[in-house]
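Structure, as structure tokens:
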Amino acid sequence: MTNPAPLTATKMAARTAVILFIFVVIFTGLLSGAYIWTLPTIQAAASEEKMKLIDEVLPRSNYDNDLLKDTVRIGATPALGLDEATSAYRARKDGKLTALVLEAVAPDGYAGKIRLLIALNSEGSLIGVRVTQHKETPGLGDYIEPKKGKDKERPWIAQFNELNPTALDEREWKVKKDGGRFDSVAGATVTPRAVVKAVRKAALYVAENRETLFASQSQ
Amino acid sequence: MNREEFSQIAANGVWKQNTSIVQILGLCPLLAVTTNLVNGAMLSLATIIVMAMSGIAIASLRNLIPHEIRIPVFILIVAALVTVVDLLFNANLHELYLVLGIFIPLIVTNCIVLARVEAFAAKNPPLQSLSDGVFMGVGMLWTLSLLGGLRELIGRGTLFSGIDMVIPGLHPLQLLPADYPGFLIAMLPPGAFILLGCLIAWKNWIEARAAARQQRRLPEPLATGS
């Protein structure tokens with residue numbers, strides 16, 4: 001760059017500030033443009049993703065309604081480990097309520113929170129559980145995700161299927177190492193312990209709040 | 001750009017100035033991500049894309065950026081590009097995004113990008129900067145893949161686990177017997193440090209051996225009293 005006349009300090013500072021400002025404007029514009037342009041596609045992909053996740057915990061044969069629209073609001077609930085409001089989805093077949101899909105958080109994972117998606121039928125038995133978000137050690141604690149576990153035929157998380165936590169003794173609802181019924185991998189028991197505990201708490205919460213969760217109007 | 005210049009940039013990126021075992025840059029994502037080969041390779045691929053783009057962008061704009069504020073401008077450009085790549089991936093290549101997605105934001109924190117931009121792209125034309133970014137990424141690719149593969153093999157006895165998420169239909173290899181108990185430390189960050197140390201030692205050993213051989217080939221220097 002040619003620099004014809006030496007600039008005074010003030011002029012120099014002003015010039016630099018203006019250049020920096022122009023860069024900020026251009027790149028912020030670029031960012032907003034990209035954000036606005038991609039937003040609809042990303043949202044569509046996200047709701048498809050949600051349905052795919054729900055399909056894993058609740059087979060489509062269980063319901064015939066659009067359950068993403070039939071929701072009930074759950075406020076911040078310590079029993080579910082939730083510190084913000086979420087939506088629970090209600091599955092209906094021929095107008096009759098068949099299942100409830102809700103989110104829960106295990107706050108005491110090895111590396112922070114583990115988010116779960118849980119489907120329960122109208123009797124309170126578990127239909128399916130999936131981990132939706134976690135930061136457990138890759139290759140060690142991440143076997144709670146069916147895709148990452150060693151046994152693809154019988155993933156770890158499938159152990160919950162068809163169990164009813166309210167009908168089982170609390171002592172049984174633990175990992176085998178603690179004298180319970182659930183398997184775990186040696187060297188990574190903190191993770192399954194947290195998940196097992198959170199699933200039980202969520203099922204008990206649903207049993208206690210049946211009326212509000214199952215009967216209230218969709219919001 | 002002539003051939004000689006190009007091969008020099010390539011050699012620098014892949015071996016002589018290898019980001020992971022010579023410059024030792026970007027250790028944080030390196031330690032966190034290389035628990036298996038696929039993760040290491042995927043992080044490197046995402047980094048290659050970002051380094052190539054930021055190399056071109058900054059080399060083209062280098063004459064417009066005042067020296068005094070170059071660092072904030074570089075950070076702005078790199079962060080904006082990473083975010084745009086992240087959004088475009090999320091919208092258009094959603095399947096791949098689910099695999100690469102967690103790695104893309106990690107790249108902003110990777111000092112390799114800023115280091116190459118400051119050391120190379122700020123002083124060279126766009127085409128050279130593009131190849132520098134790509135070859136620095138290639139150097140990172142083989143190092144992280146090797147490190148990830150070693151950690152995976154020692155830690156779990158498998159190779160390519162998670163490949164089915166990138167290329168459906170392929171399966172991980174079980175190289176050690178299925179009842180291999182695993183070696184926990186290889187999966188944890190300390191194991192990554194130890195193996196990275198071994199890789200650096202291996203590279204230095206090769207260099208030292210090459211240097212010694214070259215010295216031997218030279219004629220004996222004349223003995224001069226000094």
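Note on naming: chains are A, B, ... as they come in the structure tokens, residues start from 1 per chain, ligands start from 1 in the order shown.
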
Contact check, chain A to chain B, at most 6 Å, counting only C-alpha atoms, closest pairs as a tab-separated table:
```
residue	atom	partner	partner_atom	distance
A:Thr38	CA	B:Ala91	CA	5.7
A:Thr41	CA	B:Ala91	CA	5.3
A:Ile42	CA	B:Ala91	CA	4.8
```

Residues near region 55-57 of chain A, anyone? I mean within 7 Å using only C-alpha atoms, not counting same-chain ones fewer than 2 positions away, as a list in words. Met51, Lys52, Leu53, Pro59, Arg60, Ile118, Ala119, Ile127, Gly128, Val129 and Arg130 of chain A

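If you measure from each of B:Ala210, B:Ile185, B:Leu199, B:Val14 to Gly187 (chain A) using only C-alpha atoms, the closest one turns out to be B:Ile185.
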
Give me the residues near Lys123 (chain B) as a VMD selection string, where near means some atom within 10 Å (using only C-alpha atoms) and where sequence neighbours in that chain fewer than 5 positions away do not count. chain B and resid 58 to 59 62 to 63 117 to 118 128 to 129

How about saving the chosen residues, C-alpha atoms kept, as an mmCIF file, in the first residue's frame?
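Output contents, as saved in part-v9.cif:
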```cif
data_model
loop_
_atom_site.group_PDB
_atom_site.id
_atom_site.type_symbol
_atom_site.label_atom_id
_atom_site.label_comp_id
_atom_site.auth_asym_id
_atom_site.auth_seq_id
_atom_site.Cartn_x
_atom_site.Cartn_y
_atom_site.Cartn_z
ATOM 1 C CA ILE B 58 -7.161 -13.238 3.948
ATOM 2 C CA ALA B 59 -4.597 -13.419 1.171
ATOM 3 C CA ARG B 62 -4.250 -8.676 2.891
ATOM 4 C CA ASN B 63 -3.459 -5.324 1.256
ATOM 5 C CA VAL B 117 -3.200 -16.959 8.488
ATOM 6 C CA GLU B 118 -0.805 -14.714 10.402
ATOM 7 C CA GLN B 128 -0.086 -20.052 -2.369
ATOM 8 C CA SER B 129 -2.153 -19.407 0.760
#
```

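Interatomic distance, CA of Gly180 (chain A) to CA of Asn161 (chain A): 16.0 Å.
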
If you run DSSP on this backbone, which residues of region 3-79 of chain A come out as helix (DSSP H, G or I), and could you give them as a PyMOL selection string? chain A and resi 9-57+60-62+78-79

If you run DSSP over the backbone, which residues in region 95-209 of chain B end up strand (DSSP E or B)? Put them as a ChimeraX atom specification. /B:158-159,173-174

Please dump the current selection as an mmCIF file, in the first residue's frame; keep N, CA and C atoms.
```
data_model
loop_
_atom_site.group_PDB
_atom_site.id
_atom_site.type_symbol
_atom_site.label_atom_id
_atom_site.label_comp_id
_atom_site.auth_asym_id
_atom_site.auth_seq_id
_atom_site.Cartn_x
_atom_site.Cartn_y
_atom_site.Cartn_z
ATOM 1 N N THR B 158 -10.102 -51.944 18.282
ATOM 2 C CA THR B 158 -10.829 -51.812 17.016
ATOM 3 C C THR B 158 -10.144 -50.775 16.140
ATOM 4 N N LEU B 159 -10.594 -50.682 14.892
ATOM 5 C CA LEU B 159 -10.126 -49.642 13.998
ATOM 6 C C LEU B 159 -11.332 -49.190 13.178
ATOM 7 N N LEU B 173 -13.439 -52.416 12.082
ATOM 8 C CA LEU B 173 -12.670 -53.664 12.142
ATOM 9 C C LEU B 173 -12.359 -53.991 13.594
ATOM 10 N N GLN B 174 -12.514 -55.267 13.941
ATOM 11 C CA GLN B 174 -12.101 -55.725 15.273
ATOM 12 C C GLN B 174 -10.756 -56.409 15.081
#
```

Shortest interatomic distance to Glu136 (chain A) - which of A:Gly179, A:Pro192, A:Gly33, A:Pro165, counting only C-alpha atoms: A:Pro192

Any idea what's packed within 7 Å of region 132-144 of chain B, counting only C-alpha atoms, ignoring anything in its chain fewer than 6 positions away? Could you give it as a ChimeraX atom specification? /B:9-10,13-15,18-20,34,40-41,44-45,47-48,51-52,55

May I have the selected residues written with C-alpha atoms, as a PDB file, in the first residue's frame?
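Below is the file that was written, again37.pdb:
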```pdb
ATOM      1  CA  ILE B   9       4.670 -25.640   0.547  1.00  0.00           C
ATOM      2  CA  ALA B  10       3.511 -29.260   0.385  1.00  0.00           C
ATOM      3  CA  GLY B  13       2.695 -28.699   5.533  1.00  0.00           C
ATOM      4  CA  VAL B  14       2.857 -32.468   5.457  1.00  0.00           C
ATOM      5  CA  TRP B  15       6.177 -33.066   7.186  1.00  0.00           C
ATOM      6  CA  ASN B  18       3.600 -30.483  10.579  1.00  0.00           C
ATOM      7  CA  THR B  19       1.076 -28.709  12.778  1.00  0.00           C
ATOM      8  CA  SER B  20       0.663 -31.481  15.318  1.00  0.00           C
ATOM      9  CA  THR B  34      -8.613 -38.331  18.547  1.00  0.00           C
ATOM     10  CA  GLY B  40      -9.428 -37.554  13.948  1.00  0.00           C
ATOM     11  CA  ALA B  41      -9.804 -37.711  10.174  1.00  0.00           C
ATOM     12  CA  SER B  44      -8.918 -32.685   9.984  1.00  0.00           C
ATOM     13  CA  LEU B  45     -11.183 -32.643   6.917  1.00  0.00           C
ATOM     14  CA  THR B  47     -10.136 -27.981   9.299  1.00  0.00           C
ATOM     15  CA  ILE B  48      -8.851 -28.334   5.724  1.00  0.00           C
ATOM     16  CA  MET B  51      -8.018 -23.289   6.369  1.00  0.00           C
ATOM     17  CA  ALA B  52      -8.370 -23.253   2.575  1.00  0.00           C
ATOM     18  CA  GLY B  55      -6.270 -18.638   3.390  1.00  0.00           C
TER      19      GLY B  55
END
```

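For the atom pair formed by CA of Pro78 (chain A) and CA of Leu102 (chain A), the distance is 14.2 Å, given to one decimal.
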
For region 97-101 of chain A, list every protein, DNA or RNA residue within 9 Å, evaluated using only C-alpha atoms, and leave out those in the same chain fewer than 3 positions away; present the list as a PyMOL selection string. chain A and resi 54+57-58+62-63+87-94+117-124+127+206+213-214

Rounded to one decimal in Å, what is the spacing between CA of Lys135 (chain A) and CA of Gly109 (chain A)? 8.4 Å

Name the residues in contact with Glu145 (chain A) at a cut-off of 10 Å, using only C-alpha atoms, excluding same-chain residues fewer than 2 positions from it; report them as a PyMOL selection string. chain A and resi 130-134+141-143+147-149+155-157

Give me a file of those residues, with N, CA and C atoms, as a short mmCIF file (atom, residue, chain, number, x, y, z; two decimals), in the first residue's frame.
```
data_model
loop_
_atom_site.label_atom_id
_atom_site.label_comp_id
_atom_site.auth_asym_id
_atom_site.auth_seq_id
_atom_site.Cartn_x
_atom_site.Cartn_y
_atom_site.Cartn_z
N ARG A 130 -33.99 -42.99 24.82
CA ARG A 130 -32.83 -42.67 24.00
C ARG A 130 -32.07 -41.50 24.61
N VAL A 131 -30.76 -41.52 24.45
CA VAL A 131 -29.94 -40.38 24.85
C VAL A 131 -29.88 -39.42 23.68
N THR A 132 -30.27 -38.16 23.92
CA THR A 132 -30.27 -37.22 22.81
C THR A 132 -29.04 -36.33 22.82
N GLN A 133 -28.45 -36.13 23.99
CA GLN A 133 -27.30 -35.24 24.07
C GLN A 133 -26.47 -35.61 25.28
N HIS A 134 -25.17 -35.69 25.10
CA HIS A 134 -24.31 -35.98 26.24
C HIS A 134 -22.89 -35.59 25.91
N GLY A 141 -17.74 -43.87 27.85
CA GLY A 141 -19.07 -43.76 28.45
C GLY A 141 -20.16 -43.61 27.41
N ASP A 142 -19.79 -43.54 26.13
CA ASP A 142 -20.81 -43.22 25.13
C ASP A 142 -21.58 -44.45 24.65
N TYR A 143 -21.42 -45.60 25.31
CA TYR A 143 -22.18 -46.78 24.89
C TYR A 143 -23.66 -46.65 25.25
N LYS A 147 -25.77 -46.21 18.78
CA LYS A 147 -24.87 -46.19 17.63
C LYS A 147 -23.42 -46.41 18.04
N LYS A 148 -23.08 -46.07 19.29
CA LYS A 148 -21.68 -46.12 19.70
C LYS A 148 -21.34 -47.38 20.47
N GLY A 149 -22.36 -48.08 20.99
CA GLY A 149 -22.08 -49.26 21.80
C GLY A 149 -21.50 -50.39 20.97
N PRO A 155 -28.67 -53.01 22.14
CA PRO A 155 -27.99 -51.86 22.72
C PRO A 155 -28.28 -51.73 24.21
N TRP A 156 -27.36 -51.09 24.90
CA TRP A 156 -27.47 -50.96 26.35
C TRP A 156 -28.79 -50.33 26.76
N ILE A 157 -29.18 -49.28 26.03
CA ILE A 157 -30.34 -48.48 26.43
C ILE A 157 -31.65 -49.26 26.27
#
```

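Distance annotation: of A:Leu31, A:Leu7, A:Ala203, A:Ala45, the residue with the minimal separation from Leu80 (chain A) is A:Ala203; atom set is only C-alpha atoms.
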